[in-house]
$ cat structure-v7.txt   # compact mmCIF, C-alpha atoms
# COMPACT_ATOMS: atom_id res chain seq x y z
CA MET A 1 -57.07 63.03 85.95
CA LEU A 2 -54.51 60.44 84.85
CA ASN A 3 -57.25 58.33 83.27
CA SER A 4 -58.45 61.34 81.28
CA LEU A 5 -54.94 61.97 79.94
CA LEU A 6 -54.62 58.33 78.91
CA GLU A 7 -57.81 58.67 76.86
CA ILE A 8 -56.49 61.55 74.75
CA SER A 9 -56.44 60.80 71.02
CA PHE A 10 -54.61 62.30 68.04
CA THR A 11 -57.53 64.60 67.20
CA ASP A 12 -57.63 65.70 70.84
CA LEU A 13 -53.93 66.56 70.64
CA VAL A 14 -54.58 68.66 67.52
CA ASP A 15 -57.50 70.31 69.31
CA VAL A 16 -55.40 71.12 72.39
CA GLY A 17 -52.51 72.33 70.21
CA PHE A 18 -54.72 74.73 68.25
CA VAL A 19 -56.28 76.18 71.42
CA ALA A 20 -52.81 76.48 72.97
CA LEU A 21 -51.61 78.51 69.96
CA LEU A 22 -54.56 80.86 70.31
CA LEU A 23 -53.94 81.27 74.03
CA TRP A 24 -50.22 81.81 73.36
CA ALA A 25 -51.04 84.57 70.89
CA LEU A 26 -53.46 86.11 73.40
CA ILE A 27 -50.83 86.10 76.17
CA ALA A 28 -48.18 87.61 73.89
CA TRP A 29 -50.64 90.23 72.65
CA SER A 30 -51.68 91.21 76.19
CA ARG A 31 -48.01 91.60 77.13
CA ARG A 32 -47.31 93.81 74.12
CA VAL A 33 -50.27 96.12 74.81
CA HIS A 34 -49.49 96.13 78.56
CA ALA A 35 -52.78 94.41 79.41
CA ASN A 36 -51.36 91.57 81.52
CA LEU A 37 -53.26 92.52 84.67
CA ALA A 38 -56.45 92.99 82.68
CA LEU A 39 -56.03 89.49 81.22
CA VAL A 40 -55.47 88.01 84.69
CA GLY A 41 -58.61 89.78 85.92
CA LEU A 42 -60.65 88.41 83.01
CA ALA A 43 -59.31 84.92 83.68
CA PHE A 44 -60.35 85.23 87.32
CA LEU A 45 -63.86 86.31 86.30
CA GLY A 46 -64.02 83.41 83.85
CA LEU A 47 -63.10 81.01 86.66
CA LEU A 48 -65.87 82.45 88.84
CA TYR A 49 -68.30 82.01 85.94
CA LEU A 50 -67.33 78.33 85.56
CA ILE A 51 -67.77 77.79 89.30
CA ALA A 52 -71.20 79.42 89.13
CA LEU A 53 -72.17 77.05 86.31
CA GLN A 54 -70.93 74.02 88.23
CA LEU A 55 -72.81 75.01 91.37
CA ASP A 56 -75.92 75.83 89.32
CA LEU A 57 -76.03 79.44 90.53
CA LYS A 58 -78.46 80.57 87.87
CA LEU A 59 -78.66 84.27 88.81
CA THR A 60 -74.87 84.64 89.14
CA ALA A 61 -74.29 82.84 85.82
CA TRP A 62 -76.90 85.04 84.13
CA LEU A 63 -75.16 88.21 85.39
CA PHE A 64 -71.79 86.96 84.17
CA GLN A 65 -73.22 86.18 80.73
CA GLY A 66 -74.56 89.72 80.39
CA PHE A 67 -71.27 91.17 81.63
CA PHE A 68 -69.20 89.18 79.12
CA ALA A 69 -71.53 90.19 76.27
CA ILE A 70 -70.96 93.88 77.10
CA LEU A 71 -67.25 93.26 77.71
CA VAL A 72 -66.72 92.04 74.15
CA ILE A 73 -67.98 95.36 72.80
CA LEU A 74 -65.83 97.33 75.26
CA LEU A 75 -62.71 95.38 74.32
CA VAL A 76 -63.27 96.04 70.63
CA VAL A 77 -63.66 99.78 71.31
CA VAL A 78 -60.73 100.12 73.74
CA PHE A 79 -58.28 97.88 71.86
CA GLN A 80 -59.42 98.72 68.33
CA GLU A 81 -55.95 99.69 67.07
CA ASP A 82 -54.24 96.79 68.85
CA LEU A 83 -56.73 94.26 67.51
CA ARG A 84 -56.31 95.61 64.00
CA ARG A 85 -52.55 95.27 64.31
CA LEU A 86 -52.98 91.71 65.63
CA PHE A 87 -55.03 90.77 62.56
CA GLU A 88 -52.42 92.39 60.32
CA GLN A 89 -49.68 90.34 62.00
CA ILE A 90 -51.69 87.17 61.39
CA ALA A 91 -52.04 88.14 57.71
CA VAL A 92 -48.32 88.91 57.47
CA PHE A 93 -47.48 85.53 59.01
CA GLY A 94 -49.88 83.72 56.68
CA LEU A 95 -48.65 85.49 53.55
CA ARG A 96 -44.98 85.16 54.53
CA ARG A 97 -44.51 88.85 53.74
CA ARG A 98 -40.90 89.99 53.87
CA PRO A 99 -39.62 93.57 53.88
CA ALA A 100 -37.47 94.86 51.07
CA ARG A 101 -33.91 93.86 51.73
CA GLN A 102 -31.49 96.70 52.37
CA GLU A 103 -27.99 96.10 51.09
CA ALA A 104 -24.88 96.93 53.10
CA GLY A 105 -24.23 99.98 50.92
CA GLY A 106 -27.64 101.39 51.71
CA ARG A 107 -27.13 100.94 55.42
CA GLY A 108 -23.78 102.69 55.16
CA ILE A 109 -25.41 105.64 53.40
CA VAL A 110 -28.03 105.93 56.16
CA VAL A 111 -25.40 105.80 58.91
CA ARG A 112 -23.11 108.35 57.29
CA THR A 113 -26.00 110.72 56.59
CA LEU A 114 -27.32 110.54 60.14
CA LEU A 115 -23.86 111.17 61.58
CA GLN A 116 -23.39 114.23 59.37
CA LEU A 117 -26.85 115.55 60.29
CA SER A 118 -25.98 115.02 63.95
CA ARG A 119 -22.74 117.00 63.63
CA ASN A 120 -24.62 119.83 61.93
CA ARG A 121 -27.48 119.60 64.44
CA THR A 122 -30.01 119.24 61.66
CA GLY A 123 -33.23 117.54 62.70
CA ALA A 124 -34.17 114.38 60.81
CA LEU A 125 -36.52 111.40 61.04
CA LEU A 126 -36.08 108.19 59.01
CA ILE A 127 -38.42 105.20 58.91
CA LEU A 128 -37.31 101.66 58.11
CA PRO A 129 -40.40 99.42 57.80
CA GLY A 130 -40.60 95.94 59.26
CA ARG A 131 -42.99 93.22 58.13
CA GLU A 132 -46.20 95.00 59.15
CA PRO A 133 -47.94 97.41 56.75
CA LEU A 134 -47.57 101.09 57.63
CA ASP A 135 -49.96 102.81 55.23
CA ARG A 136 -52.74 103.43 57.75
CA HIS A 137 -50.27 105.11 60.14
CA LEU A 138 -48.75 107.49 57.57
CA GLN A 139 -50.31 110.72 56.40
CA GLY A 140 -49.35 113.10 53.61
CA GLY A 141 -45.89 113.21 52.17
CA VAL A 142 -44.52 113.31 48.63
CA VAL A 143 -43.98 110.12 46.65
CA LEU A 144 -40.43 110.00 45.30
CA ASP A 145 -39.30 106.36 44.84
CA ALA A 146 -35.67 107.21 44.14
CA GLN A 147 -32.37 105.47 44.76
CA ILE A 148 -31.08 106.39 48.19
CA SER A 149 -28.01 108.64 48.40
CA GLU A 150 -26.36 110.94 50.94
CA GLU A 151 -26.90 113.98 48.77
CA LEU A 152 -30.61 113.24 48.40
CA LEU A 153 -31.17 112.73 52.14
CA LEU A 154 -29.18 115.84 53.06
CA SER A 155 -31.16 117.95 50.61
CA ILE A 156 -34.48 116.69 51.96
CA PHE A 157 -33.55 117.46 55.58
CA ASP A 158 -32.07 120.86 54.72
CA PRO A 159 -33.96 123.42 56.90
CA HIS A 160 -34.88 125.35 53.74
CA SER A 161 -36.52 122.29 52.16
CA PRO A 162 -40.34 122.21 52.30
CA GLY A 163 -40.40 118.58 53.51
CA HIS A 164 -37.64 118.74 56.15
CA ASP A 165 -40.06 118.61 59.09
CA GLY A 166 -41.62 115.34 57.98
CA ALA A 167 -40.29 111.79 58.02
CA VAL A 168 -38.55 109.93 55.21
CA LEU A 169 -39.75 106.40 54.39
CA LEU A 170 -37.09 103.96 53.17
CA GLU A 171 -37.79 100.55 51.67
CA GLY A 172 -34.67 98.60 50.90
CA ASP A 173 -32.38 100.95 49.02
CA ARG A 174 -35.23 103.14 47.78
CA LEU A 175 -36.44 106.43 49.22
CA VAL A 176 -40.19 105.99 48.81
CA ARG A 177 -41.72 109.12 50.39
CA PHE A 178 -40.63 112.20 52.28
CA GLY A 179 -42.47 114.85 54.32
CA VAL A 180 -44.59 112.09 55.94
CA LEU A 181 -46.62 112.81 59.10
CA LEU A 182 -46.69 110.16 61.86
CA PRO A 183 -48.95 109.53 64.88
CA LEU A 184 -47.60 111.11 68.06
CA SER A 185 -46.90 109.29 71.31
CA ASP A 186 -48.02 110.68 74.67
CA ASP A 187 -45.53 108.66 76.72
CA GLN A 188 -43.85 111.60 78.46
CA THR A 189 -41.71 109.28 80.58
CA GLN A 190 -39.80 108.05 77.55
CA LEU A 191 -39.93 111.27 75.56
CA GLY A 192 -38.33 113.41 78.27
CA PRO A 193 -36.82 116.49 76.62
CA GLY A 194 -37.49 115.11 73.12
CA GLY A 195 -39.63 117.16 70.77
CA THR A 196 -42.19 116.43 68.06
CA ARG A 197 -39.84 114.26 65.98
CA HIS A 198 -39.19 112.00 68.95
CA ALA A 199 -42.91 111.81 69.73
CA ALA A 200 -43.61 110.86 66.11
CA ALA A 201 -40.88 108.20 66.08
CA LEU A 202 -42.11 106.63 69.33
CA GLY A 203 -45.73 106.89 68.19
CA LEU A 204 -45.02 104.79 65.09
CA ALA A 205 -42.86 102.33 67.08
CA GLU A 206 -45.76 101.79 69.47
CA ARG A 207 -48.11 100.94 66.61
CA SER A 208 -45.88 98.88 64.33
CA ASP A 209 -42.62 96.94 64.07
CA ALA A 210 -40.84 99.73 62.17
CA LEU A 211 -37.48 101.18 63.19
CA CYS A 212 -37.37 104.98 63.45
CA THR A 213 -34.12 106.95 63.73
CA VAL A 214 -34.23 110.53 65.00
CA VAL A 215 -31.65 113.32 64.97
CA SER A 216 -32.28 116.02 67.57
CA GLU A 217 -32.06 119.52 66.24
CA GLU A 218 -31.40 121.02 69.69
CA ARG A 219 -28.87 118.52 71.09
CA GLY A 220 -27.51 116.77 68.00
CA THR A 221 -28.13 113.35 69.55
CA ILE A 222 -29.29 110.31 67.58
CA SER A 223 -32.10 108.16 68.98
CA VAL A 224 -33.80 104.99 67.78
CA ALA A 225 -37.42 103.99 68.42
CA THR A 226 -38.49 100.38 67.99
CA GLN A 227 -40.86 97.93 69.68
CA GLY A 228 -42.43 100.72 71.70
CA GLN A 229 -39.09 101.87 73.17
CA LEU A 230 -37.13 105.08 72.56
CA ARG A 231 -33.38 105.08 73.24
CA VAL A 232 -30.63 107.66 72.80
CA LEU A 233 -27.48 106.15 71.31
CA ASP A 234 -24.42 106.90 73.42
CA ASP A 235 -22.01 105.95 70.63
CA PRO A 236 -23.90 106.51 67.35
CA ARG A 237 -20.88 105.76 65.17
CA GLY A 238 -20.56 102.26 66.58
CA GLN A 239 -24.21 101.55 67.42
CA LEU A 240 -26.14 102.76 64.37
CA LEU A 241 -25.06 99.99 62.04
CA ASP A 242 -25.76 97.39 64.75
CA GLU A 243 -29.26 98.80 65.26
CA LEU A 244 -29.99 98.57 61.54
CA GLN A 245 -28.67 95.02 61.37
CA GLN A 246 -30.63 93.91 64.44
CA HIS A 247 -33.76 95.42 62.92
CA LEU A 248 -33.29 93.30 59.81
CA ASP A 249 -32.56 90.26 61.98
CA ARG A 250 -35.80 90.70 63.93
CA ARG A 251 -37.75 90.93 60.69
CA GLY A 252 -36.50 87.57 59.49
CA THR A 253 -34.00 88.50 56.81
CA LYS A 254 -31.27 86.64 58.71
CA ASP A 255 -30.88 84.56 61.84
CA ALA A 256 -30.95 86.75 64.93
CA ARG A 257 -27.93 86.88 67.11
CA ASP A 258 -27.82 84.44 70.01
CA SER A 259 -27.48 87.21 72.61
CA ASP A 260 -30.71 88.78 71.37
CA ARG A 261 -32.59 85.51 70.97
CA ARG A 262 -32.04 83.94 74.41
CA PRO A 263 -34.24 86.28 76.53
CA GLN A 264 -37.00 86.26 73.91
CA LEU A 265 -36.80 82.48 73.55
CA ARG A 266 -37.00 81.99 77.32
CA ARG A 267 -40.00 84.32 77.59
CA ARG A 268 -41.78 82.68 74.68
CA LEU A 269 -41.17 79.21 76.12
CA LEU A 270 -42.70 80.27 79.42
CA GLU A 271 -45.70 81.81 77.69
CA GLY A 272 -46.06 78.74 75.46
CA GLY A 273 -45.90 76.40 78.46
CA ALA A 274 -48.60 78.39 80.26
CA ALA A 275 -50.77 78.30 77.13
CA VAL A 276 -50.40 74.51 76.83
CA VAL A 277 -51.32 74.01 80.50
CA LEU A 278 -54.40 76.23 80.14
CA ALA A 279 -55.49 74.48 76.94
CA LEU A 280 -55.03 71.06 78.52
CA ALA A 281 -57.01 72.14 81.58
CA CYS A 282 -59.84 73.39 79.36
CA TRP A 283 -59.80 70.11 77.43
CA MET A 284 -60.01 68.06 80.62
CA ALA A 285 -62.86 70.23 81.90
CA PHE A 286 -64.98 70.29 78.77
CA VAL A 287 -64.14 67.08 76.88
CA PRO A 288 -63.49 64.21 79.31
CA GLY A 289 -65.23 66.30 81.96
CA SER A 290 -68.49 66.16 80.01
CA THR A 291 -68.29 62.38 79.48
CA VAL A 292 -71.00 60.57 81.44
CA ASP A 293 -69.59 58.11 83.95
CA GLN A 294 -70.67 56.20 87.05
CA VAL A 295 -69.28 56.12 90.58
CA SER A 296 -70.50 54.65 93.85
CA PHE A 297 -70.55 56.06 97.37
CA GLU A 298 -70.90 54.32 100.71
CA VAL A 299 -73.66 56.13 102.62
CA PRO A 300 -74.92 55.32 106.15
CA ILE A 301 -78.54 54.16 106.41
CA ALA A 302 -80.97 56.17 108.54
CA VAL A 303 -84.54 55.30 109.62
CA GLU A 304 -87.60 57.55 109.92
CA ASN A 305 -91.14 57.21 111.33
CA MET A 306 -90.48 54.55 113.93
CA PRO A 307 -93.71 53.85 115.83
CA ALA A 308 -94.13 55.05 119.40
CA GLY A 309 -92.64 52.66 121.91
CA TYR A 310 -89.96 51.32 119.58
CA VAL A 311 -86.30 52.31 119.34
CA PHE A 312 -84.18 51.75 116.24
CA GLU A 313 -80.79 50.27 117.17
CA ARG A 314 -78.94 49.44 113.96
CA ALA A 315 -79.35 48.40 110.33
CA SER A 316 -77.76 45.38 108.73
CA PRO A 317 -75.89 46.28 106.64
CA ALA A 318 -75.21 49.69 108.17
CA MET A 319 -74.04 51.23 104.89
CA ALA A 320 -75.75 51.39 101.50
CA THR A 321 -73.91 51.57 98.18
CA VAL A 322 -75.34 54.42 96.10
CA ILE A 323 -74.51 54.28 92.38
CA VAL A 324 -74.72 57.66 90.63
CA SER A 325 -74.22 58.79 87.04
CA GLY A 326 -73.28 62.15 85.55
CA PRO A 327 -70.52 64.23 83.90
CA ARG A 328 -67.06 63.46 85.21
CA ARG A 329 -66.40 67.05 86.27
CA GLU A 330 -69.49 66.91 88.53
CA LEU A 331 -68.59 63.46 89.83
CA LEU A 332 -65.18 64.84 90.75
CA LEU A 333 -66.82 67.40 93.05
CA ALA A 334 -69.36 64.98 94.55
CA GLN A 335 -68.88 63.45 98.02
CA ALA A 336 -70.62 60.75 100.04
CA SER A 337 -71.89 63.43 102.42
CA ASP A 338 -73.96 64.88 99.56
CA PHE A 339 -76.29 61.85 99.75
CA GLN A 340 -78.64 60.53 102.41
CA VAL A 341 -80.25 57.08 102.50
CA THR A 342 -83.38 57.02 104.62
CA ILE A 343 -85.83 54.14 105.11
CA ASP A 344 -89.36 55.34 105.79
CA VAL A 345 -90.73 52.40 107.79
CA ASP A 346 -94.35 51.39 107.95
CA ALA A 347 -95.22 51.72 111.66
CA PRO A 348 -98.03 49.09 111.73
CA LEU A 349 -95.72 46.54 110.11
CA VAL A 350 -93.04 47.19 112.72
CA GLU A 351 -95.61 46.60 115.47
CA LEU A 352 -96.60 43.32 113.80
CA GLY A 353 -92.95 42.22 113.92
CA ARG A 354 -91.64 42.99 110.47
CA ARG A 355 -87.93 43.80 110.46
CA THR A 356 -86.83 43.53 106.81
CA PHE A 357 -87.58 46.46 104.50
CA PRO A 358 -86.78 47.07 100.82
CA LEU A 359 -84.23 49.69 99.78
CA SER A 360 -84.93 51.53 96.52
CA ARG A 361 -83.65 54.61 94.69
CA ARG A 362 -86.45 56.66 96.24
CA ALA A 363 -84.73 56.22 99.59
CA VAL A 364 -81.76 58.29 98.35
CA HIS A 365 -82.02 62.05 98.88
CA HIS A 366 -79.57 64.59 97.43
CA LEU A 367 -79.31 68.12 96.01
CA THR A 368 -76.78 67.40 93.26
CA GLY A 369 -77.44 67.29 89.53
CA LEU A 370 -76.41 63.64 89.37
CA GLU A 371 -78.71 60.75 88.53
CA ILE A 372 -79.23 57.87 90.97
CA VAL A 373 -78.68 54.69 88.98
CA GLY A 374 -79.13 52.16 91.76
CA VAL A 375 -78.73 51.38 95.42
CA GLU A 376 -77.56 48.21 97.16
CA PRO A 377 -78.53 46.03 98.97
CA ALA A 378 -82.09 45.46 97.87
CA ASN A 379 -83.26 44.73 101.45
CA VAL A 380 -82.13 45.92 104.87
CA PHE A 381 -82.70 44.23 108.22
CA LEU A 382 -83.53 46.62 111.07
CA SER A 383 -82.77 45.83 114.68
CA VAL A 384 -85.58 47.31 116.76
CA ARG A 385 -86.37 46.99 120.46
CA LYS A 386 -89.34 47.94 122.51
CA THR A 387 -89.04 50.54 125.24
CA GLU A 388 -89.69 49.50 128.85
CA THR A 389 -93.04 51.29 128.86
CA THR A 390 -94.20 49.33 125.84
CA ALA A 391 -92.92 46.03 127.23
CA ARG A 392 -95.05 46.43 130.40
$ encode --input "structure-v7.txt" --output "structure tokens"
Amino acid sequence: MLNSLLEISFTDLVDVGFVALLLWALIAWSRRVHANLALVGLAFLGLLYLIALQLDLKLTAWLFQGFFAILVILLVVVFQEDLRRLFEQIAVFGLRRRPARQEAGGRGIVVRTLLQLSRNRTGALLILPGREPLDRHLQGGVVLDAQISEELLLSIFDPHSPGHDGAVLLEGDRLVRFGVLLPLSDDQTQLGPGGTRHAAALGLAERSDALCTVVSEERGTISVATQGQLRVLDDPRGQLLDELQQHLDRRGTKDARDSDRRPQLRRRLLEGGAAVVLALACWMAFVPGSTVDQVSFEVPIAVENMPAGYVFERASPAMATVIVSGPRRELLLAQASDFQVTIDVDAPLVELGRRTFPLSRRAVHHLTGLEIVGVEPANVFLSVRKTETTAR
């Protein structure tokens, strides 16, 4: 293993780094969609498939290949929305897309409006986009594209307004659309006594990186939904502005606060370390592991077909050196016990007194996929004695 690591080149490091990034993204994605156990199960099946290939279990390997071919289709069907979001995140990262910046005045307007709606127990739902596109999650609504103001928001959420039941989409300091319909969440554990507005807010937070703020019409509470979590704010007056600021921090408009970054940084470092280890293991298995090399084994010499009346005592030398060639990963699993060296003596020659016999590659028997390169020594002396019956 150490020799393989010493052979790694710059291009191999780039190769390992790229695979590690892909594995890191896969681990993070599986955590976000709560598919950690499914990923561990797939990794276990993949390990069994590799073992079947190494042991040349043709039927088992064939079944695994068919299973993985069907599994790809099932994964696309089951995780269609999650995969689409993953591709969108990759596009956002590649294009360096940033959300519209919301000034401090705009955040103050949002906070004051939500507090007033809460006091009046007027239901409301506001959406603050992140970096991911939201168009495919939003339905209906009226395009407005107006400067945000308290009066405008209060008029939209007035119970007599036609669009008060829908959500309002804000981008920066602009009110883009109102009366928007959102996908609903079915997570009853988080929703609790919350109604349709809460289900809509959580539904969008589960599918995107947007921040949704909800005012309950029945209880007058203010809740926020983000990153798939719905929380009721105990102190809305002090917490609302912090939630808006943290949302902007997470989306890259400013450096995130240290208290928020430490747990995420620790988790990402652990995931990144696991991805690097997996990528390095794959590289060692498939790159240096496929390199053809040679090793030798010391194997005891056995004798067959001794003539009647003769007893084989020992061979000189007693051990043969078998030189084999093959991929390093197979050589790593090979042992001396996998090989047998047998001299098939010529009985008439033994009776005539011959004791030295040649040793060739045909004398080596094994069931591995390795190639016998040579065997030493070239000749072996056999010590043979006659039985008492033969001597008489």
$ atom_distance --input "structure-v7.txt" --atom1 "atom CA of Leu21 of chain A" --atom2 "atom CA of Leu42 of chain A"
18.7 Å
$ axis_aligned_box --input "structure-v7.txt" --around "segment 117-126 of chain A" --padding-each-side "6 Å" --output "JSON"
{"center_x": -29.6, "center_y": 114.0, "center_z": 61.7, "size_x": 25.8, "size_y": 23.6, "size_z": 17.4}
$ closest_residue --input "structure-v7.txt" --among "A:Ala320, A:Ile222, A:Leu352, A:Leu269" --to "Arg121 of chain A" --atoms "all atoms listed in the file"
A:Ile222
$ residues_around --input "structure-v7.txt" --residues "His365 of chain A" --least-positions-apart "5" --cutoff "12 Å" --atoms "all atoms listed in the file" --output "VMD selection string"
chain A and resid 299 301 to 302 322 324 336 to 343 360 370 to 372 375
$ residues_around --input "structure-v7.txt" --residues "Asp344 of chain A" --least-positions-apart "3" --cutoff "8 Å" --atoms "only C-alpha atoms" --output "PyMOL selection string"
chain A and resi 303-305+363
$ atom_distance --input "structure-v7.txt" --atom1 "atom CA of Leu181 of chain A" --atom2 "atom CA of Leu114 of chain A"
19.5 Å
$ residues_around --input "structure-v7.txt" --residues "Ser118 of chain A" --least-positions-apart "2" --cutoff "8 Å" --atoms "only C-alpha atoms" --output "PDB file with C-alpha atoms, in the frame of the given file"
ATOM      1  CA  LEU A 114     -27.320 110.540  60.140  1.00  0.00           C
ATOM      2  CA  LEU A 115     -23.860 111.170  61.580  1.00  0.00           C
ATOM      3  CA  GLN A 116     -23.390 114.230  59.370  1.00  0.00           C
ATOM      4  CA  ASN A 120     -24.620 119.830  61.930  1.00  0.00           C
ATOM      5  CA  ARG A 121     -27.480 119.600  64.440  1.00  0.00           C
ATOM      6  CA  THR A 122     -30.010 119.240  61.660  1.00  0.00           C
ATOM      7  CA  GLY A 123     -33.230 117.540  62.700  1.00  0.00           C
ATOM      8  CA  VAL A 215     -31.650 113.320  64.970  1.00  0.00           C
ATOM      9  CA  SER A 216     -32.280 116.020  67.570  1.00  0.00           C
ATOM     10  CA  GLU A 217     -32.060 119.520  66.240  1.00  0.00           C
ATOM     11  CA  GLY A 220     -27.510 116.770  68.000  1.00  0.00           C
ATOM     12  CA  THR A 221     -28.130 113.350  69.550  1.00  0.00           C
ATOM     13  CA  ILE A 222     -29.290 110.310  67.580  1.00  0.00           C
TER      14      ILE A 222
END
$ residues_around --input "structure-v7.txt" --residues "Leu154 of chain A" --least-positions-apart "2" --cutoff "12 Å" --atoms "all atoms listed in the file" --output "PyMOL selection string"
chain A and resi 109-110+112-118+120+122-126+148-152+156-161+163-164+168
$ closest_residue --input "structure-v7.txt" --among "A:Arg219, A:Phe67, A:Ile51, A:Gln147" --to "Arg119 of chain A" --atoms "all atoms listed in the file"
A:Arg219
$ atom_distance --input "structure-v7.txt" --atom1 "atom CA of Ala279 of chain A" --atom2 "atom CA of Gly17 of chain A"
7.7 Å
$ residues_around --input "structure-v7.txt" --residues "Thr226 of chain A" --least-positions-apart "2" --cutoff "7 Å" --atoms "all atoms listed in the file" --output "PyMOL selection string"
chain A and resi 205+209-212+224+228-230
$ closest_residue --input "structure-v7.txt" --among "A:Ile27, A:Ala201, A:Val214, A:Met319" --to "Val40 of chain A" --atoms "only C-alpha atoms"
A:Ile27
$ closest_residue --input "structure-v7.txt" --among "A:Leu170, A:Val180, A:Val111, A:Val345" --to "Gly140 of chain A" --atoms "only C-alpha atoms"
A:Val180
